[in-house]
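File shown: coords_36.cif. Contents: mmCIF, C-alpha atoms and all ligand atoms.
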data_data
#
loop_
_atom_site.label_atom_id
_atom_site.label_comp_id
_atom_site.auth_asym_id
_atom_site.auth_seq_id
_atom_site.Cartn_x
_atom_site.Cartn_y
_atom_site.Cartn_z
CA MET A 1 -59.94 198.97 -137.33
CA ALA A 2 -59.00 195.49 -136.21
CA LYS A 3 -60.97 192.29 -135.92
CA VAL A 4 -60.19 190.38 -132.73
CA LEU A 5 -61.11 186.69 -132.97
CA CYS A 6 -61.42 185.04 -129.57
CA VAL A 7 -61.86 181.29 -129.09
CA LEU A 8 -63.21 180.30 -125.67
CA TYR A 9 -64.62 177.13 -124.17
CA ASP A 10 -68.36 176.44 -124.08
CA ASP A 11 -70.63 177.85 -121.37
CA PRO A 12 -71.66 175.51 -118.53
CA VAL A 13 -74.26 172.92 -119.60
CA ALA A 14 -76.88 174.63 -117.41
CA GLY A 15 -76.09 178.09 -118.76
CA TYR A 16 -73.93 181.00 -117.58
CA PRO A 17 -73.94 181.11 -113.76
CA ASN A 18 -75.79 183.86 -111.93
CA SER A 19 -74.18 183.08 -108.58
CA TYR A 20 -70.92 181.64 -107.27
CA PRO A 21 -69.96 179.62 -104.16
CA ARG A 22 -67.79 182.49 -102.86
CA SER A 23 -68.33 186.22 -103.04
CA ASP A 24 -64.72 187.20 -103.73
CA ILE A 25 -61.22 185.94 -104.47
CA PRO A 26 -58.08 186.85 -102.52
CA GLU A 27 -56.03 189.78 -103.79
CA ILE A 28 -52.47 188.74 -104.62
CA ALA A 29 -49.87 191.52 -104.28
CA GLN A 30 -47.27 190.09 -106.68
CA TYR A 31 -45.97 186.81 -108.04
CA PRO A 32 -43.17 184.94 -106.23
CA GLY A 33 -39.86 186.48 -107.27
CA GLY A 34 -41.39 189.93 -107.67
CA GLN A 35 -42.97 189.94 -111.16
CA SER A 36 -46.00 192.23 -111.06
CA LEU A 37 -49.48 190.99 -111.82
CA PRO A 38 -51.12 192.24 -115.05
CA THR A 39 -51.40 196.02 -115.19
CA PRO A 40 -54.18 196.98 -117.61
CA LYS A 41 -55.45 200.57 -117.32
CA ARG A 42 -58.78 199.16 -116.17
CA ILE A 43 -60.90 196.02 -116.32
CA ASP A 44 -64.57 195.63 -117.16
CA PHE A 45 -65.25 192.42 -115.23
CA LYS A 46 -65.67 191.31 -111.64
CA PRO A 47 -62.74 189.09 -110.53
CA GLY A 48 -64.08 185.69 -109.51
CA THR A 49 -66.68 185.47 -112.29
CA LEU A 50 -66.54 182.99 -115.16
CA LEU A 51 -64.56 184.73 -117.90
CA GLY A 52 -63.03 181.87 -119.92
CA CYS A 53 -66.27 180.65 -121.55
CA VAL A 54 -68.05 182.13 -124.56
CA SER A 55 -70.47 184.29 -122.54
CA GLY A 56 -67.64 185.51 -120.27
CA GLU A 57 -65.76 186.91 -123.30
CA LEU A 58 -62.69 187.44 -121.06
CA GLY A 59 -64.48 190.65 -120.08
CA LEU A 60 -63.15 192.23 -123.28
CA ARG A 61 -66.18 193.39 -125.28
CA PRO A 62 -66.69 196.91 -123.81
CA PHE A 63 -62.98 197.69 -124.22
CA VAL A 64 -62.54 196.28 -127.75
CA GLU A 65 -65.72 197.89 -129.08
CA SER A 66 -65.07 201.25 -127.38
CA GLN A 67 -61.85 201.42 -129.44
CA GLY A 68 -63.86 200.88 -132.64
CA HIS A 69 -62.61 197.32 -133.15
CA THR A 70 -64.69 194.18 -133.70
CA LEU A 71 -64.76 191.26 -131.26
CA VAL A 72 -65.87 187.84 -132.48
CA VAL A 73 -66.15 185.12 -129.82
CA THR A 74 -66.72 181.46 -130.63
CA SER A 75 -66.07 177.98 -129.26
CA ASP A 76 -66.39 176.38 -132.70
CA LYS A 77 -62.70 175.94 -133.46
CA ASP A 78 -61.99 172.63 -135.20
CA GLY A 79 -62.34 171.50 -138.78
CA PRO A 80 -62.50 173.40 -142.07
CA LYS A 81 -66.18 174.33 -141.59
CA SER A 82 -65.70 175.77 -138.10
CA ALA A 83 -66.59 179.38 -137.25
CA PHE A 84 -62.91 179.89 -136.40
CA GLU A 85 -61.78 179.04 -139.96
CA ARG A 86 -64.57 181.18 -141.39
CA GLU A 87 -63.62 184.22 -139.32
CA LEU A 88 -59.83 183.80 -139.54
CA PRO A 89 -59.00 185.30 -142.98
CA ASP A 90 -59.60 188.94 -141.91
CA ALA A 91 -58.67 188.70 -138.20
CA GLU A 92 -55.73 190.82 -137.00
CA VAL A 93 -55.64 189.32 -133.51
CA VAL A 94 -56.44 185.76 -132.41
CA ILE A 95 -56.94 184.98 -128.72
CA SER A 96 -57.13 181.40 -127.51
CA GLN A 97 -56.83 179.49 -124.24
CA PRO A 98 -54.69 176.34 -123.93
CA PHE A 99 -57.68 174.64 -122.26
CA TRP A 100 -59.62 174.90 -125.52
CA PRO A 101 -56.88 175.65 -128.02
CA ALA A 102 -57.53 177.15 -131.43
CA TYR A 103 -54.71 175.34 -133.22
CA LEU A 104 -52.92 177.85 -135.45
CA THR A 105 -51.25 175.48 -137.88
CA GLN A 106 -49.10 176.53 -140.83
CA GLU A 107 -52.12 176.09 -143.15
CA ARG A 108 -54.33 178.27 -140.98
CA ILE A 109 -51.62 180.93 -140.62
CA ALA A 110 -51.29 180.96 -144.43
CA LYS A 111 -55.06 181.61 -144.74
CA ALA A 112 -54.97 184.36 -142.09
CA LYS A 113 -53.56 187.06 -144.34
CA LYS A 114 -54.22 189.91 -141.89
CA LEU A 115 -53.10 188.11 -138.73
CA LYS A 116 -50.41 189.92 -136.74
CA LEU A 117 -50.85 188.92 -133.10
CA ALA A 118 -51.70 185.59 -131.42
CA ILE A 119 -52.40 185.90 -127.70
CA THR A 120 -52.50 182.90 -125.39
CA ALA A 121 -54.94 183.61 -122.58
CA GLY A 122 -52.91 181.49 -120.18
CA ILE A 123 -49.44 179.94 -120.50
CA GLY A 124 -48.11 177.62 -123.22
CA SER A 125 -48.23 178.67 -126.87
CA ASP A 126 -47.54 175.26 -128.40
CA HIS A 127 -50.97 175.34 -130.13
CA VAL A 128 -49.40 177.90 -132.48
CA ASP A 129 -46.98 176.62 -135.13
CA LEU A 130 -44.15 178.77 -133.79
CA GLN A 131 -41.96 178.02 -136.81
CA ALA A 132 -44.65 179.37 -139.14
CA ALA A 133 -45.25 182.34 -136.80
CA ILE A 134 -41.54 183.19 -136.93
CA GLU A 135 -41.50 182.95 -140.73
CA ARG A 136 -44.62 185.15 -141.05
CA GLY A 137 -43.31 187.74 -138.58
CA LEU A 138 -46.25 187.28 -136.18
CA THR A 139 -46.12 188.30 -132.53
CA VAL A 140 -47.04 185.50 -130.12
CA ALA A 141 -47.58 186.50 -126.49
CA GLU A 142 -48.88 184.77 -123.37
CA VAL A 143 -49.68 185.87 -119.82
CA THR A 144 -46.59 184.57 -118.08
CA TYR A 145 -47.11 183.52 -114.42
CA CYS A 146 -50.90 184.06 -114.53
CA ASN A 147 -51.72 180.45 -113.59
CA SER A 148 -48.37 178.92 -112.59
CA ILE A 149 -49.32 178.78 -108.90
CA SER A 150 -52.79 177.43 -109.79
CA VAL A 151 -51.13 174.51 -111.58
CA SER A 152 -48.61 173.87 -108.80
CA GLU A 153 -51.54 173.45 -106.35
CA HIS A 154 -53.16 171.02 -108.78
CA ILE A 155 -49.96 168.98 -109.02
CA VAL A 156 -49.84 168.48 -105.25
CA MET A 157 -53.50 167.47 -105.29
CA MET A 158 -52.93 164.94 -108.08
CA ILE A 159 -49.82 163.42 -106.49
CA LEU A 160 -51.70 162.88 -103.23
CA ALA A 161 -54.76 161.56 -105.08
CA LEU A 162 -52.65 158.91 -106.84
CA VAL A 163 -50.34 157.89 -104.01
CA ARG A 164 -53.15 157.66 -101.44
CA ASN A 165 -55.59 156.07 -103.93
CA TYR A 166 -58.19 158.79 -103.33
CA ILE A 167 -60.34 158.52 -106.45
CA PRO A 168 -61.16 154.76 -106.24
CA SER A 169 -61.88 155.18 -102.49
CA TYR A 170 -64.26 158.06 -103.25
CA GLN A 171 -65.96 155.88 -105.85
CA TRP A 172 -66.66 153.22 -103.19
CA VAL A 173 -68.59 155.81 -101.22
CA VAL A 174 -70.49 157.18 -104.21
CA ASN A 175 -71.41 153.66 -105.30
CA GLY A 176 -72.86 152.84 -101.85
CA GLY A 177 -70.15 150.32 -100.86
CA TRP A 178 -67.60 150.01 -98.03
CA ASN A 179 -64.58 147.81 -98.81
CA ILE A 180 -61.62 149.21 -96.94
CA ALA A 181 -59.17 146.52 -98.06
CA ASP A 182 -59.97 147.32 -101.67
CA CYS A 183 -59.33 151.02 -101.08
CA VAL A 184 -56.04 150.61 -99.23
CA SER A 185 -54.40 147.84 -101.21
CA ARG A 186 -53.03 150.56 -103.51
CA SER A 187 -52.60 153.31 -100.88
CA TYR A 188 -49.26 154.63 -99.55
CA ASP A 189 -47.85 157.60 -97.65
CA LEU A 190 -46.01 160.24 -99.67
CA GLU A 191 -43.63 160.86 -96.75
CA GLY A 192 -40.12 159.63 -97.49
CA MET A 193 -40.67 159.18 -101.23
CA SER A 194 -38.41 160.77 -103.85
CA VAL A 195 -40.29 163.32 -105.94
CA GLY A 196 -38.82 164.99 -109.01
CA THR A 197 -39.82 167.63 -111.53
CA VAL A 198 -38.76 167.69 -115.16
CA GLY A 199 -38.64 171.46 -115.64
CA ALA A 200 -38.06 173.77 -112.68
CA GLY A 201 -39.45 177.05 -113.95
CA ARG A 202 -42.35 178.89 -112.35
CA ILE A 203 -44.62 175.86 -111.92
CA GLY A 204 -41.90 173.28 -111.24
CA THR A 205 -40.27 175.37 -108.52
CA ALA A 206 -43.62 176.26 -106.93
CA ALA A 207 -44.52 172.56 -106.88
CA LEU A 208 -41.20 171.70 -105.19
CA ARG A 209 -41.80 174.43 -102.57
CA ARG A 210 -45.25 173.04 -101.77
CA LEU A 211 -44.09 169.42 -101.72
CA LYS A 212 -41.20 170.13 -99.33
CA ALA A 213 -43.69 170.21 -96.44
CA PHE A 214 -44.40 166.50 -96.99
CA ASP A 215 -40.86 165.46 -95.93
CA VAL A 216 -39.98 163.98 -99.30
CA ASN A 217 -36.63 163.93 -101.14
CA LEU A 218 -36.79 166.51 -103.91
CA HIS A 219 -35.13 166.22 -107.34
CA TYR A 220 -35.20 168.32 -110.52
CA THR A 221 -33.80 168.63 -114.01
CA ASP A 222 -33.91 171.76 -116.18
CA ARG A 223 -31.97 173.40 -118.99
CA HIS A 224 -30.75 176.03 -116.50
CA ARG A 225 -29.73 175.10 -112.95
CA LEU A 226 -31.54 176.86 -110.08
CA PRO A 227 -29.53 179.34 -107.98
CA ALA A 228 -27.51 177.56 -105.26
CA GLU A 229 -29.53 179.22 -102.46
CA VAL A 230 -32.81 177.89 -103.94
CA GLU A 231 -31.33 174.38 -104.22
CA ARG A 232 -30.27 174.67 -100.56
CA GLU A 233 -33.65 176.05 -99.42
CA LEU A 234 -35.44 173.12 -101.07
CA GLY A 235 -32.77 170.51 -100.44
CA ALA A 236 -33.28 169.60 -104.12
CA THR A 237 -30.88 167.41 -106.10
CA PHE A 238 -30.11 168.52 -109.67
CA HIS A 239 -29.99 165.95 -112.49
CA PRO A 240 -28.42 166.67 -115.89
CA ASP A 241 -31.31 165.02 -117.76
CA ALA A 242 -34.72 163.40 -117.35
CA GLU A 243 -33.33 159.87 -117.51
CA SER A 244 -31.07 160.40 -114.52
CA LEU A 245 -34.00 161.88 -112.56
CA VAL A 246 -36.61 159.22 -113.34
CA ARG A 247 -34.27 156.39 -112.32
CA VAL A 248 -34.41 157.51 -108.66
CA CYS A 249 -37.88 159.02 -108.28
CA ASP A 250 -41.07 157.43 -106.94
CA VAL A 251 -43.11 160.36 -108.25
CA VAL A 252 -42.32 162.44 -111.34
CA THR A 253 -44.09 165.66 -112.34
CA ILE A 254 -43.63 167.20 -115.79
CA ASN A 255 -43.41 170.99 -115.96
CA THR A 256 -41.72 171.98 -119.22
CA PRO A 257 -43.33 173.68 -122.20
CA LEU A 258 -44.10 171.48 -125.20
CA HIS A 259 -41.56 172.22 -127.93
CA PRO A 260 -39.48 170.01 -130.24
CA GLU A 261 -37.04 169.03 -127.44
CA THR A 262 -39.83 167.76 -125.15
CA GLU A 263 -42.32 166.29 -127.67
CA HIS A 264 -42.85 162.59 -126.74
CA LEU A 265 -40.03 162.79 -124.18
CA PHE A 266 -41.86 160.20 -122.03
CA ASP A 267 -41.87 157.29 -124.48
CA ASP A 268 -41.48 153.53 -123.90
CA ALA A 269 -37.71 153.93 -123.55
CA LEU A 270 -37.79 156.63 -120.83
CA ILE A 271 -40.73 155.04 -118.99
CA SER A 272 -38.79 151.75 -118.85
CA LYS A 273 -36.02 153.60 -116.94
CA MET A 274 -38.50 154.70 -114.23
CA LYS A 275 -38.78 152.80 -110.94
CA ARG A 276 -41.41 150.07 -111.20
CA GLY A 277 -44.62 151.41 -109.68
CA ALA A 278 -43.68 155.07 -110.09
CA TYR A 279 -46.38 157.73 -110.42
CA LEU A 280 -46.35 160.26 -113.26
CA VAL A 281 -48.21 163.57 -113.09
CA ASN A 282 -48.37 165.65 -116.26
CA THR A 283 -50.07 169.03 -116.13
CA ALA A 284 -47.70 170.48 -118.75
CA ARG A 285 -48.84 169.21 -122.17
CA GLY A 286 -50.27 165.86 -123.29
CA LYS A 287 -47.88 165.50 -126.20
CA ILE A 288 -44.83 165.46 -123.92
CA CYS A 289 -45.93 161.87 -123.27
CA ASP A 290 -46.37 159.14 -125.86
CA ARG A 291 -50.10 158.42 -125.55
CA ASP A 292 -49.95 154.66 -126.06
CA ALA A 293 -46.74 154.16 -124.05
CA ILE A 294 -48.51 155.64 -120.99
CA ALA A 295 -51.53 153.34 -121.39
CA ARG A 296 -49.21 150.32 -121.83
CA ALA A 297 -47.17 151.21 -118.72
CA LEU A 298 -50.31 151.45 -116.57
CA LYS A 299 -51.56 148.10 -117.81
CA SER A 300 -48.20 146.38 -117.20
CA GLY A 301 -47.73 147.95 -113.76
CA GLN A 302 -44.55 149.80 -114.78
CA LEU A 303 -46.47 152.91 -113.72
CA ALA A 304 -48.69 152.68 -110.61
CA GLY A 305 -50.64 155.78 -111.60
CA TYR A 306 -50.86 158.61 -114.10
CA ALA A 307 -52.69 161.88 -113.59
CA GLY A 308 -52.89 165.20 -115.30
CA ASP A 309 -55.23 167.48 -117.16
CA VAL A 310 -53.49 167.88 -120.50
CA TRP A 311 -54.23 165.84 -123.63
CA PHE A 312 -53.44 165.88 -127.30
CA PRO A 313 -55.39 167.01 -129.09
CA GLN A 314 -57.92 168.96 -127.07
CA PRO A 315 -60.74 168.22 -126.74
CA ALA A 316 -59.70 164.56 -126.62
CA PRO A 317 -61.73 162.22 -128.86
CA LYS A 318 -64.22 160.05 -126.94
CA ASP A 319 -62.07 156.95 -127.62
CA HIS A 320 -58.79 158.50 -126.39
CA PRO A 321 -57.10 155.67 -124.39
CA TRP A 322 -56.38 157.96 -121.44
CA ARG A 323 -60.10 158.10 -120.71
CA SER A 324 -60.25 154.35 -120.02
CA MET A 325 -56.74 153.19 -118.99
CA PRO A 326 -56.39 151.78 -115.45
CA HIS A 327 -55.20 153.74 -112.40
CA HIS A 328 -55.49 157.20 -113.91
CA GLY A 329 -56.64 160.46 -112.37
CA MET A 330 -57.27 162.50 -115.51
CA THR A 331 -59.47 165.57 -115.71
CA PRO A 332 -60.21 167.81 -118.68
CA HIS A 333 -57.72 170.67 -118.95
CA VAL A 334 -58.75 172.74 -115.93
CA SER A 335 -55.82 173.31 -113.58
CA GLY A 336 -54.88 176.72 -114.97
CA THR A 337 -58.41 178.04 -115.39
CA SER A 338 -59.72 178.31 -111.85
CA LEU A 339 -61.84 181.43 -111.35
CA SER A 340 -58.81 182.94 -109.59
CA ALA A 341 -56.55 182.28 -112.59
CA GLN A 342 -59.14 183.57 -115.07
CA ALA A 343 -59.16 186.99 -113.39
CA ARG A 344 -55.37 187.23 -113.84
CA TYR A 345 -55.18 186.07 -117.43
CA ALA A 346 -58.20 188.11 -118.53
CA ALA A 347 -56.44 191.19 -117.08
CA GLY A 348 -53.21 190.12 -118.80
CA VAL A 349 -54.92 189.78 -122.19
CA ARG A 350 -56.43 193.24 -121.68
CA GLU A 351 -52.96 194.61 -120.87
CA ILE A 352 -51.49 193.05 -124.05
CA LEU A 353 -54.34 194.40 -126.20
CA GLU A 354 -54.00 197.89 -124.72
CA CYS A 355 -50.29 197.83 -125.59
CA TRP A 356 -51.02 196.54 -129.09
CA PHE A 357 -53.66 199.11 -129.97
CA GLU A 358 -51.62 201.98 -128.47
CA LYS A 359 -48.45 200.73 -130.24
CA ARG A 360 -46.63 200.37 -126.90
CA PRO A 361 -44.22 197.44 -126.38
CA ILE A 362 -45.68 194.27 -124.85
CA ARG A 363 -43.84 193.24 -121.67
CA GLU A 364 -40.72 191.24 -122.50
CA GLU A 365 -41.72 188.41 -120.14
CA TYR A 366 -44.99 187.92 -122.08
CA LEU A 367 -43.32 187.45 -125.47
CA ILE A 368 -42.85 184.04 -127.08
CA VAL A 369 -42.24 185.12 -130.70
CA SER A 370 -41.50 188.63 -131.93
CA GLY A 371 -39.59 190.17 -134.82
CA GLY A 372 -39.10 186.86 -136.63
CA GLU A 373 -37.53 184.95 -133.73
CA LEU A 374 -38.22 183.45 -130.32
CA ALA A 375 -38.29 186.32 -127.83
CA GLY A 376 -38.71 186.98 -124.10
CA ALA A 377 -40.00 183.93 -122.20
CA GLY A 378 -40.03 182.04 -125.51
CA ALA A 379 -36.31 182.57 -126.09
CA HIS A 380 -35.57 181.30 -122.58
CA SER A 381 -37.75 178.20 -122.45
CA TYR A 382 -38.64 177.05 -126.01
CA SER A 383 -36.76 175.69 -129.02
CA VAL A 384 -37.70 176.63 -132.58
CA GLY A 385 -40.07 174.34 -134.48
CA ASN A 386 -43.62 173.12 -134.77
CA VAL A 387 -45.48 170.72 -132.48
CA THR A 388 -49.05 171.14 -133.81
CA ALA A 389 -48.94 168.10 -136.14
CA GLY A 390 -52.00 165.92 -135.55
CA SER A 391 -54.09 168.70 -134.00
CA ASP A 392 -56.77 168.28 -136.70
CA GLU A 393 -57.80 165.12 -134.76
CA ALA A 394 -59.57 167.51 -132.35
CA ALA A 395 -62.38 167.75 -134.94
CA ARG A 396 -63.24 164.11 -134.12
CA TYR A 397 -64.64 165.16 -130.73
CA ARG A 398 -68.39 165.51 -131.04
CA ARG A 399 -70.40 167.37 -128.45
P1 LIG A 401 -41.64 178.37 -117.20
O1 LIG A 401 -41.16 178.91 -118.50
O2 LIG A 401 -41.46 179.21 -115.98
O3 LIG A 401 -40.94 176.98 -116.90
C1 LIG A 401 -40.66 176.02 -117.85
C2 LIG A 401 -39.34 175.38 -117.48
O4 LIG A 401 -39.13 174.24 -118.34
C3 LIG A 401 -38.17 176.34 -117.68
O5 LIG A 401 -37.40 176.36 -116.49
C4 LIG A 401 -37.44 175.70 -118.83
O6 LIG A 401 -36.05 175.82 -118.78
C5 LIG A 401 -37.75 174.25 -118.65
N1 LIG A 401 -37.48 173.48 -119.87
C6 LIG A 401 -37.76 173.80 -121.15
N2 LIG A 401 -37.32 172.84 -121.97
C7 LIG A 401 -36.75 171.89 -121.19
C8 LIG A 401 -36.12 170.66 -121.47
N3 LIG A 401 -35.98 170.22 -122.71
N4 LIG A 401 -35.65 169.93 -120.43
C9 LIG A 401 -35.75 170.40 -119.14
N5 LIG A 401 -36.34 171.58 -118.83
C10 LIG A 401 -36.84 172.31 -119.85
O7 LIG A 401 -43.16 178.02 -117.40
P2 LIG A 401 -44.25 177.57 -116.33
O8 LIG A 401 -43.56 176.80 -115.27
O9 LIG A 401 -45.10 178.70 -115.92
O10 LIG A 401 -45.14 176.60 -117.26
C11 LIG A 401 -44.57 175.44 -117.82
C12 LIG A 401 -45.55 174.80 -118.78
O11 LIG A 401 -46.66 174.30 -118.07
C13 LIG A 401 -46.15 175.76 -119.81
O12 LIG A 401 -45.30 175.97 -120.92
C14 LIG A 401 -47.41 175.05 -120.20
O13 LIG A 401 -47.17 174.12 -121.24
C15 LIG A 401 -47.79 174.28 -118.93
N6 LIG A 401 -48.93 174.92 -118.26
C16 LIG A 401 -50.07 174.17 -118.06
C17 LIG A 401 -51.19 174.75 -117.48
C18 LIG A 401 -52.42 173.95 -117.20
O14 LIG A 401 -53.50 174.53 -117.04
N7 LIG A 401 -52.33 172.63 -117.12
C19 LIG A 401 -51.20 176.18 -117.11
C20 LIG A 401 -49.93 176.82 -117.26
C21 LIG A 401 -48.85 176.22 -117.85
P3 LIG A 401 -35.24 177.17 -118.98
O15 LIG A 401 -36.22 178.30 -119.05
O16 LIG A 401 -34.38 177.16 -117.77
O17 LIG A 401 -34.55 176.98 -120.27
#

structure tokens encoding of this file:
Amino acid sequence: MAKVLCVLYDDPVAGYPNSYPRSDIPEIAQYPGGQSLPTPKRIDFKPGTLLGCVSGELGLRPFVESQGHTLVVTSDKDGPKSAFERELPDAEVVISQPFWPAYLTQERIAKAKKLKLAITAGIGSDHVDLQAAIERGLTVAEVTYCNSISVSEHIVMMILALVRNYIPSYQWVVNGGWNIADCVSRSYDLEGMSVGTVGAGRIGTAALRRLKAFDVNLHYTDRHRLPAEVERELGATFHPDAESLVRVCDVVTINTPLHPETEHLFDDALISKMKRGAYLVNTARGKICDRDAIARALKSGQLAGYAGDVWFPQPAPKDHPWRSMPHHGMTPHVSGTSLSAQARYAAGVREILECWFEKRPIREEYLIVSGGELAGAGAHSYSVGNVTAGSDEAARYRR
């Protein structure tokens, strides 16, 4: 019988909710492009409830225990004395969300002698040392598409918040003041601007589709070019690399996975090629940007604004410079864990576990690593290597 070790974020400060603002969430028939939503045999949770925190347990306990397996759920994930490290040596399956990642470094994988499967409840498996996973023959799987649209909505929100100077204007109201000139001296229209995405996969393309309505000029770069009819539909200009794209864009959004090719892609050198006063929105992964280069560019005015919800490591230490740099619109990592998204990825995790326990193949599009190599979505969008270095800094965050 297997031990399933599940790392989830803490419950709300006031305790697990007993009511919600809305009584249901919309039913989505399928993802854009036709991929089906998760297809578990059944679910033991109500869609629209809080599933991603410790008490929500991704709705998995009845299923896991009915199969005779053990489920351990904890939020205590960082440092050698954490519950995660204590429970890891005899776990067969580890489940973790990118919002509150249980970093599976080479050292931790070496200690986890029984580990066979690492599931990302969400998208983006960079918190696993994929090189070490390949060498150990682990399977790494994520719930592809589960929150791609959620993030694309967040990107549009963050672009508008920065360009129109929403957050400082809101602060004037909250603080009891009323200085319109102060609010608008950094406020522009998005209309007519050039907006580009680095990475035009599920999120990048969905963001372009949503932004088209704002009458902007769209640009993208990606390892694979979009089909000609999609380029035509969007009126999007392809660039061979990020440098060519950032030179012409007023707003840049980052939508690639974090892997060795994209780690610290936005450093001083690339940021210096951006238009002065450009806006950068990063909901992909914090480590795609050089932390200090971003803070410097905001202080110098090279960037007019930076927003996103991804940090490195997570949780970010209290003194992380992105908490205090000027003109930012940062949130904790939330864009892909709306209640709507949670219902999809909890069902996707259930589907993967059902396949695993019944020895049925996991959907190809969910695979990142399998059989000692990158596989499925991983083979398409990642490069081999490890990007977890420095993740032990997460232990510096104190609740
Ligand atoms: P996709 O795999 O659909 O898209 C990723 C795209 O990035 C692919 O088109 C891929 O190219 C492209 N890409 C990879 N490497 C490069 C590179 N070096 N240069 C240019 N393009 C590159 O994934 P999603 O769009 O669904 O998600 C993207 C990422 O967003 C995730 O990996 C995750 O890190 C992050 N994410 C964040 C969330 C949040 O809550 N903030 C939630 C969900 C995801 P190709 O495949 O053509 O090779």

Put a box with edges along x, y and z around all the listed atoms of ligand LIG 401 (chain A), pad it by 6 Å on each side, then give me its centre and sizes in Å, one decimal, as JSON.
{"center_x": -43.9, "center_y": 174.6, "center_z": -119.0, "size_x": 31.1, "size_y": 21.3, "size_z": 19.4}

(Q) List the spatial neighbours of range 374-387 of chain A as number ranges by chain - criterion: any atom at most 12 Å away, only C-alpha atoms, same-chain residues fewer than 4 positions off excluded. (A) A: 103-106, 123-135, 137-145, 199-202, 222-224, 255-264, 285-288, 312-313, 362-370, 391

Q | Coordinates-based distance that separates CA of Gly235 in chain A from CA of Tyr31 in chain A (Å, one decimal) | A |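 Separation of CA of Tyr31 in chain A and CA of Gly235 in chain A: 22.3 Å.
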
**Q.** Within-10 Å shell of (-27.7, 163.6, -104.7) in input frame, only C-alpha atoms, as a PyMOL selection string
**A.** chain A and resi 217-219+235-239+248

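Closest approach to Leu211 in chain A among A:His154, A:Arg136, A:Arg61, A:Arg247 is made by A:His154 (distances from all atoms listed in the file).
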
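Straight-line separation from atom O7 of ligand LIG 401 (chain A) to CA of Ser148 in chain A: 7.1 Å.
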
(Q) Between CA of Gly301 in chain A and CA of Pro326 in chain A, what is the distance in Å, rounded to a tenth? (A)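 Separation between CA of Gly301 in chain A and CA of Pro326 in chain A: 9.6 Å.
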
Q) If you count all atoms listed in the file, which residues fall within 10 Å of range 158-174 of chain A, apart from same-chain ones fewer than 6 positions away, as a ChimeraX atom specification? A) /A:152,180,182-190,195,211,250-253,278-283,304-309,327-330

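When only C-alpha atoms and all ligand atoms are used to measure the gap to ligand LIG 401 (chain A), the shortest distance among A:Gly336, A:Pro317, A:Pro21, A:Pro227 belongs to A:Gly336.
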
Q: Quick one: residues within 8 Å of (-57.8, 184.3, -141.8) (file frame), counting all atoms listed in the file, please, as number ranges by chain.
A: A: 85-91, 108-115

Put those residues in a file: C-alpha atoms, as a compact mmCIF listing (two decimals), in the frame of the given file.
# COMPACT_ATOMS: atom_id res chain seq x y z
CA GLU A 85 -61.78 179.04 -139.96
CA ARG A 86 -64.57 181.18 -141.39
CA GLU A 87 -63.62 184.22 -139.32
CA LEU A 88 -59.83 183.80 -139.54
CA PRO A 89 -59.00 185.30 -142.98
CA ASP A 90 -59.60 188.94 -141.91
CA ALA A 91 -58.67 188.70 -138.20
CA ARG A 108 -54.33 178.27 -140.98
CA ILE A 109 -51.62 180.93 -140.62
CA ALA A 110 -51.29 180.96 -144.43
CA LYS A 111 -55.06 181.61 -144.74
CA ALA A 112 -54.97 184.36 -142.09
CA LYS A 113 -53.56 187.06 -144.34
CA LYS A 114 -54.22 189.91 -141.89
CA LEU A 115 -53.10 188.11 -138.73

Reconstructed range 109-115 of chain A, atom set N, CA, C and O atoms, as a tab-separated table (two decimals), in the coordinates of the input:
chain	number	residue	atom	x	y	z
A	109	ILE	N	-52.36	179.65	-140.60
A	109	ILE	CA	-51.62	180.93	-140.62
A	109	ILE	C	-51.54	181.45	-142.05
A	109	ILE	O	-51.69	182.66	-142.30
A	110	ALA	N	-51.36	180.54	-143.01
A	110	ALA	CA	-51.29	180.96	-144.43
A	110	ALA	C	-52.61	181.59	-144.87
A	110	ALA	O	-52.63	182.54	-145.65
A	111	LYS	N	-53.73	181.06	-144.36
A	111	LYS	CA	-55.06	181.61	-144.74
A	111	LYS	C	-55.34	182.94	-144.05
A	111	LYS	O	-56.16	183.73	-144.50
A	112	ALA	N	-54.68	183.17	-142.92
A	112	ALA	CA	-54.97	184.36	-142.09
A	112	ALA	C	-54.09	185.52	-142.55
A	112	ALA	O	-53.15	185.92	-141.87
A	113	LYS	N	-54.44	186.08	-143.68
A	113	LYS	CA	-53.56	187.06	-144.34
A	113	LYS	C	-53.35	188.31	-143.50
A	113	LYS	O	-52.35	188.99	-143.62
A	114	LYS	N	-54.33	188.66	-142.65
A	114	LYS	CA	-54.22	189.91	-141.89
A	114	LYS	C	-53.69	189.68	-140.46
A	114	LYS	O	-53.52	190.64	-139.70
A	115	LEU	N	-53.46	188.41	-140.12
A	115	LEU	CA	-53.10	188.11	-138.73
A	115	LEU	C	-51.73	188.70	-138.37
A	115	LEU	O	-50.77	188.56	-139.11
